[in-house]
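Peer 1: Encoded as structure tokens, here's the structure I'll be asking about.
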Amino acid sequence: MSRSVLVTGGNRGIGLAIARAFADAGDKVAITYRSGEPPADLVALGVLAVRCDITDAEQVEQAYKEVEAAHGNVEVLVANAGITRDQLLMRMSEEDFTTVLDTNLTGTFRVVKRANRGMLRARKGRVVLISSVVGLLGQAGQANYAASKAGLVGFARSLARELGSRNITFNVVAPGFVDTDMTRALTDEQREGIVAQVPLARYAQPEEIAAAVRFLASDDAAYITGAVIPVDGGLGMGH
Ligand SMILES: NC(=O)c1ccc[n+]([C@@H]2O[C@H](COP(=O)([O-])OP(=O)(O)OC[C@H]3O[C@@H](n4cnc5c(N)ncnc54)[C@H](OP(=O)(O)O)[C@@H]3O)[C@@H](O)[C@H]2O)c1
């Protein structure tokens with residue numbers, strides 16, 4: 001299999017592990033990165049890195065043009081890029097809320113809508129959205145983030161219904177707590193508190209999220225759409 005795969009936010013953390021997993025399997029992989037330089041080992045693997053901020057529709061369009069010129073239409077899209085801006089409601093500014101929504105939910109809308117063009121033409125496609133256990137369980141101090149991640153579920157399920165007859169699947173992976181920069185920003189006390197709630201009593205490694213994403217994009221998952229797959233060490237107990 002050598003499909004055209006696009007992973008947003010593929011320069012670090014979970015997105016990087018996902019990009020590596022597809023590249024190792026022989027797919028033609030492109031990543032978007034917003035800042036810095038893409039990891040040299042990924043570029044050495046032949047992965048195409050395109051600069052793109054998903055809050056900017058022009059940059060999304062430009063990124064797709066570059067990817068399509070190099071790899072053809074995107075056949076597998078992994079919408080992974082996301083941010084947190086944690087704050088208790090009392091202190092959460094409207095900007096804290098809208099920035100997170102604009103990146104995590106509307107940014108995902110932008111990249112999915114653009115990918116859909118080629119997928120409709122090809123009458124096939126796989127879309128995997130990276131949500132979070134927090135979108136399903138809620139989390140104090142993360143109302144903006146949880147709302148954005150819960151929104152992805154309704155978004156994916158609506159598109160699963162809208163485009164299922166075109167052989168395009170839309171699924172969601174809901175990771176628990178994963179060892180990346182995002183969670184390294186937490187205090188030791190917060191990290192210990194989280195592990196205490198996880199039945200498997202540890203953080204996930206990014207590769208464990210990548211494995212679920214690869215499965216949803218594989219032929220073995222051809223009849224799965226509109227699903228939310230938790231990869232959370234049991235934290236959400238299947239939710
Ligand atoms: N870590 C966890 O415990 C956890 C749990 C559940 C779900 N998730 C979700 O998994 C995804 C990846 O998380 P992570 O832990 O790997 O986070 P991370 O290490 O903070 O990486 C986030 C990635 O998203 C990119 N990004 C952020 N805003 C962007 C924008 N406006 N345009 C384009 N790219 C943007 C970042 O680019 P830059 O390098 O330029 O900043 C980076 O590549 C996120 O959607 C996150 O919500 C994470």
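Each chain of the structure tokens is named A, B, ... in the order shown, its residues numbered from 1; ligands are numbered from 1 in display order.
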Which neighbours of A:Gly10 fall inside 8 Å, counting only C-alpha atoms, when residues of the same chain fewer than 4 positions from it are skipped, and could you give them as a PDB file with C-alpha atoms, in the first residue's frame?
Peer 2:
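Result file result23.pdb:
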```pdb
ATOM      1  CA  ILE A  14       1.365  12.294  18.609  1.00  0.00           C
ATOM      2  CA  GLY A  15       1.347  13.621  15.040  1.00  0.00           C
ATOM      3  CA  LEU A  16       5.020  12.777  14.615  1.00  0.00           C
ATOM      4  CA  ALA A  17       4.449   9.200  15.805  1.00  0.00           C
ATOM      5  CA  ILE A  18       1.504   8.873  13.399  1.00  0.00           C
ATOM      6  CA  ALA A  19       3.563  10.189  10.473  1.00  0.00           C
ATOM      7  CA  ILE A  31       2.957  16.498   7.432  1.00  0.00           C
ATOM      8  CA  THR A  32       2.064  20.047   8.238  1.00  0.00           C
ATOM      9  CA  TYR A  33       4.178  21.971  10.696  1.00  0.00           C
ATOM     10  CA  ASN A  80      -4.200  15.894  14.677  1.00  0.00           C
ATOM     11  CA  ALA A  81      -3.097  19.514  15.223  1.00  0.00           C
TER      12      ALA A  81
END
```
Peer 1: Let me see if you get this right: every residue at most 7 Å from ligand 1, counting only C-alpha atoms and all ligand atoms, written as a ChimeraX atom specification.
Peer 2: /A:8-15,32-36,52-55,80-84,103-104,130-133,174-183
Peer 1: Pick from A:Asp188, A:Asn167, A:Pro206, A:Val195: nearest to A:Ala222, with only C-alpha atoms counted?
Peer 2: A:Asn167
Peer 1: Please, which residues of stretch 23-68 of chain A, numbered as in this document, come out alpha helix (DSSP H) from DSSP, as a PyMOL selection string?
Peer 2: chain A and resi 23-24+40-44+57-68
Peer 1: Work out how far apart atom CA of A:Glu75 and atom CA of A:Thr169 are and give it in Å to one decimal.
Peer 2: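 Interatomic distance, atom CA of A:Glu75 to atom CA of A:Thr169: 10.8 Å.
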